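Report on the following structure.
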Amino acid sequence: ADSFSKGEEVLKENGLLLIFPEGLSRMERNMLPFRKGTSRIILQTLASAPEMTVHVVPIGIHYRKHEVLSDVQLTTGKVIAVGGPYREKYASQPSRTVNELTRELEIALREVVLYVDQDQRSALVEKQLELFDNNCGGRFSYDDFHAQKAVCERVSSLDDSAALRLADEQQAYFALLRQHQLNDEVMVQKISPLLTVALLLFGFPLFIIGLINLPPYLLGKHMADTKVSRQDFYTSVISAVSAFSYVIWLALWWMMALLSGNVLLIGLVVLMPMLGWLALGWWQRFTQWKIQQKWRKTPEDVKARLLAMRAALLASSY
């Protein structure tokens, strides 16, 4: 009741209210029935503010990977204006109106979320989307989103035997990648090796200096490794603990720099956040460069087999 009242207060003040209507966090790519809380907050607001219209923006969230520094794709749907008609219905038939609005919101959100109809095919569509996302290189358009939706719908529409075949093909493909210490991303990368080496050499001194930012991240990772049992919370805990401890870490460095009066140390502290970001980017590029070198040394027959397997997997999605 308190959360409903607070939500109503925010809306009346023309604030923004973010709600995850399924009511819980999961890794699976299926959708659960909506909880009714979203509709109740909206309708209670309308009932107590006769002239008000509440606008709802459906937003689909898609992470390219479930890890720190992942690309994220946000897809917005058509804005739903909830006003007079719902207010009148709610006054006479509150329960029925809550159910009706919940159904309308669920239909709207399904249009912008990437999901499958069957719980057991969540991992299946996750791998298919990984292939598609790597083709896009982390840059998405609405056309790409419609293609991703088509992938989800195709996987949902497979009969059981076809779904099992696709799962076997995925397992064989990704097992062969692991066997040769490769990943799918390297199959479609078009970055110049010489440019990568030049950037790594130029950025190495900055990477070494940027390691001054490492302790807060290590603390966050330690907390996640030792305290988190649910995979969907793992990255969130790393991010939250690292961010909170980084504020303290940076404050300590500022105190040391100001007390010392050393201009170089003060300059270093000013640049610390940027250096940390550069260090993370350098490490990601270095890790992928090592995989690129393994790809270059992979036997040609294995390369051909991997490319053929990947093409077959992508073809099965359309």
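Ordering of the structure tokens sets the chain letters (A, B, ...); residue numbers start at 1 within each chain; ligands are numbered from 1 in the order shown.
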
Test item: residues at most 9 Å from segment 117-123 of chain A, only C-alpha atoms, excluding those fewer than 4 positions along its chain, as a ChimeraX atom specification: /A:27-31,127-128,152-153,155-157,163,167

I need the chosen residues saved as an mmCIF file, in the first residue's frame, with C-alpha atoms.
```cif
data_model
loop_
_atom_site.group_PDB
_atom_site.id
_atom_site.type_symbol
_atom_site.label_atom_id
_atom_site.label_comp_id
_atom_site.auth_asym_id
_atom_site.auth_seq_id
_atom_site.Cartn_x
_atom_site.Cartn_y
_atom_site.Cartn_z
ATOM 1 C CA MET A 27 17.716 -14.645 -16.821
ATOM 2 C CA GLU A 28 15.162 -16.576 -18.867
ATOM 3 C CA ARG A 29 13.815 -15.075 -22.089
ATOM 4 C CA ASN A 30 10.174 -15.894 -21.555
ATOM 5 C CA MET A 31 7.576 -13.485 -20.221
ATOM 6 C CA LYS A 127 22.404 -18.319 -28.431
ATOM 7 C CA GLN A 128 20.615 -17.402 -31.660
ATOM 8 C CA CYS A 152 12.425 -15.230 -31.354
ATOM 9 C CA GLU A 153 9.221 -16.028 -33.222
ATOM 10 C CA VAL A 155 12.438 -20.404 -32.362
ATOM 11 C CA SER A 156 9.025 -20.326 -30.684
ATOM 12 C CA SER A 157 7.369 -21.824 -33.763
ATOM 13 C CA ALA A 163 14.126 -27.449 -31.554
ATOM 14 C CA ALA A 167 20.020 -27.288 -29.689
#
```

Contacts of Ala312 of chain A at 10 Å (only C-alpha atoms; same-chain gap of 5+ positions) as a ChimeraX atom specification: /A:166,169-170,306-307,317

May I have a table of the residues of segment 52-162 of chain A lying at most 12 Å from segment 5-20 of chain A, giving each one's closest pair of atoms and their distance in Å to one decimal, counting only C-alpha atoms, ordered by chain and ascending residue number, as CSV?
```
residue,atom,partner,partner_atom,distance
A:Met52,CA,A:Lys12,CA,8.0
A:Thr53,CA,A:Leu11,CA,9.7
A:Val54,CA,A:Leu11,CA,7.5
A:His55,CA,A:Leu11,CA,9.6
A:Val56,CA,A:Leu17,CA,9.4
A:Val57,CA,A:Leu18,CA,9.7
A:Pro58,CA,A:Ile19,CA,10.1
A:Ile59,CA,A:Phe20,CA,9.8
A:Gly60,CA,A:Phe20,CA,10.3
A:Ile61,CA,A:Phe20,CA,10.7
A:Leu105,CA,A:Phe20,CA,11.7
A:Glu106,CA,A:Phe20,CA,11.3
A:Leu109,CA,A:Phe20,CA,10.6
```

Between atom CA of Ala162 of chain A and atom CA of Leu131 of chain A, distance in Å (one decimal): 18.6 Å

Per-residue DSSP, segment 13-256 of chain A, filtered to helix (DSSP H, G or I), as number ranges by chain: A: 37-48, 84-92, 94-110, 119-136, 142-157, 160-179, 184-187, 193-227, 231-256

Distance criterion (only C-alpha atoms): nearest to Lys78 of chain A out of A:Val269, A:Ala91, A:Met187, A:Ile107: A:Ile107

Give me the residues near Tyr217 of chain A as a PDB file with N, CA and C atoms, in the first residue's frame, where near means some atom within 12 Å (using only C-alpha atoms) and where sequence neighbours in that chain fewer than 6 positions away do not count.
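Result saved to selection-v1.pdb:
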```pdb
ATOM      1  N   VAL A  68      29.622  -6.923 -17.016  1.00  0.00           N
ATOM      2  CA  VAL A  68      29.976  -5.512 -16.916  1.00  0.00           C
ATOM      3  C   VAL A  68      30.423  -4.995 -18.282  1.00  0.00           C
ATOM      4  N   LEU A 211      45.375   0.866 -13.615  1.00  0.00           N
ATOM      5  CA  LEU A 211      45.173  -0.212 -12.653  1.00  0.00           C
ATOM      6  C   LEU A 211      45.036   0.307 -11.222  1.00  0.00           C
ATOM      7  N   MET A 223      32.808  -9.953  -3.630  1.00  0.00           N
ATOM      8  CA  MET A 223      31.494 -10.004  -3.004  1.00  0.00           C
ATOM      9  C   MET A 223      30.530 -10.835  -3.840  1.00  0.00           C
ATOM     10  N   ALA A 224      30.572 -10.620  -5.150  1.00  0.00           N
ATOM     11  CA  ALA A 224      29.673 -11.374  -6.030  1.00  0.00           C
ATOM     12  C   ALA A 224      30.021 -12.856  -6.031  1.00  0.00           C
ATOM     13  N   THR A 235      26.095  -9.676 -11.935  1.00  0.00           N
ATOM     14  CA  THR A 235      26.661  -8.456 -12.514  1.00  0.00           C
ATOM     15  C   THR A 235      26.195  -7.217 -11.763  1.00  0.00           C
ATOM     16  N   VAL A 237      25.516  -6.957  -8.570  1.00  0.00           N
ATOM     17  CA  VAL A 237      26.263  -6.829  -7.314  1.00  0.00           C
ATOM     18  C   VAL A 237      27.669  -6.297  -7.586  1.00  0.00           C
ATOM     19  N   ILE A 238      28.331  -6.828  -8.612  1.00  0.00           N
ATOM     20  CA  ILE A 238      29.662  -6.319  -8.966  1.00  0.00           C
ATOM     21  C   ILE A 238      29.585  -4.813  -9.224  1.00  0.00           C
ATOM     22  N   SER A 239      28.610  -4.393 -10.034  1.00  0.00           N
ATOM     23  CA  SER A 239      28.492  -2.979 -10.392  1.00  0.00           C
ATOM     24  C   SER A 239      28.199  -2.112  -9.176  1.00  0.00           C
ATOM     25  N   ALA A 240      27.258  -2.553  -8.345  1.00  0.00           N
ATOM     26  CA  ALA A 240      26.850  -1.733  -7.194  1.00  0.00           C
ATOM     27  C   ALA A 240      27.961  -1.618  -6.162  1.00  0.00           C
ATOM     28  N   VAL A 241      28.561  -2.759  -5.794  1.00  0.00           N
ATOM     29  CA  VAL A 241      29.620  -2.739  -4.781  1.00  0.00           C
ATOM     30  C   VAL A 241      30.835  -1.969  -5.298  1.00  0.00           C
ATOM     31  N   SER A 242      31.187  -2.196  -6.559  1.00  0.00           N
ATOM     32  CA  SER A 242      32.346  -1.499  -7.133  1.00  0.00           C
ATOM     33  C   SER A 242      32.110   0.007  -7.172  1.00  0.00           C
ATOM     34  N   ALA A 243      30.905   0.413  -7.581  1.00  0.00           N
ATOM     35  CA  ALA A 243      30.611   1.842  -7.676  1.00  0.00           C
ATOM     36  C   ALA A 243      30.645   2.509  -6.302  1.00  0.00           C
ATOM     37  N   PHE A 244      30.029   1.852  -5.320  1.00  0.00           N
ATOM     38  CA  PHE A 244      29.997   2.431  -3.970  1.00  0.00           C
ATOM     39  C   PHE A 244      31.406   2.518  -3.379  1.00  0.00           C
ATOM     40  N   SER A 245      32.170   1.446  -3.500  1.00  0.00           N
ATOM     41  CA  SER A 245      33.520   1.450  -2.921  1.00  0.00           C
ATOM     42  C   SER A 245      34.461   2.364  -3.707  1.00  0.00           C
ATOM     43  N   TYR A 246      34.154   2.575  -5.009  1.00  0.00           N
ATOM     44  CA  TYR A 246      35.010   3.455  -5.795  1.00  0.00           C
ATOM     45  C   TYR A 246      34.912   4.899  -5.313  1.00  0.00           C
ATOM     46  N   VAL A 247      33.714   5.301  -4.880  1.00  0.00           N
ATOM     47  CA  VAL A 247      33.553   6.654  -4.334  1.00  0.00           C
ATOM     48  C   VAL A 247      34.454   6.848  -3.110  1.00  0.00           C
ATOM     49  N   TRP A 249      37.148   4.996  -2.410  1.00  0.00           N
ATOM     50  CA  TRP A 249      38.527   4.873  -2.901  1.00  0.00           C
ATOM     51  C   TRP A 249      39.016   6.203  -3.483  1.00  0.00           C
ATOM     52  N   GLY A 276      40.622   4.747 -15.495  1.00  0.00           N
ATOM     53  CA  GLY A 276      39.975   3.470 -15.204  1.00  0.00           C
ATOM     54  C   GLY A 276      39.148   2.979 -16.376  1.00  0.00           C
ATOM     55  N   TRP A 277      38.407   3.891 -16.994  1.00  0.00           N
ATOM     56  CA  TRP A 277      37.598   3.533 -18.152  1.00  0.00           C
ATOM     57  C   TRP A 277      38.490   3.066 -19.308  1.00  0.00           C
ATOM     58  N   LEU A 280      39.783  -0.483 -18.648  1.00  0.00           N
ATOM     59  CA  LEU A 280      38.790  -1.521 -18.939  1.00  0.00           C
ATOM     60  C   LEU A 280      38.682  -1.766 -20.441  1.00  0.00           C
TER      61      LEU A 280
END
```

Option closest in space to Ser95 of chain A, from A:Gln44, A:Ser3, A:Asn262, A:Thr287 [counting only C-alpha atoms]: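 Answer, going by the shortest atom-to-atom distance: A:Gln44.
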
One-decimal distance in Å that lies between atom CA of Phe233 of chain A and atom CA of Trp283 of chain A: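 Separating atom CA of Trp283 of chain A from atom CA of Phe233 of chain A is a distance of 23.6 Å.
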
All residues 9 Å or closer to Asp144 of chain A, only C-alpha atoms, same chain fewer than 6 positions away omitted, as a VMD selection string: chain A and resid 132 to 133 136

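Checking A:Thr97, A:Gln293, A:Pro33, A:Leu164 one by one against Arg110 of chain A, counting only C-alpha atoms, you find the shortest gap at A:Pro33.
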
Nearest residue to Met309 of chain A from the set A:Ala172, A:Ile248, A:Val186, A:Leu195 (distances using only C-alpha atoms): A:Ala172

Polymer residues at most 12 Å from Gly267 of chain A, only C-alpha atoms, same-chain spacing of 5 or more positions, as a list in words: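 Counting only C-alpha atoms, the residues come to Trp253, Trp254, Ala257, Leu258, Gly261, Asn262, Met272, Pro273, Met274 and Leu275 of chain A.
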
Nearest residue to His66 of chain A from the set A:Phe204, A:Tyr173, A:Tyr234, A:Trp295 (distances using only C-alpha atoms): A:Tyr234
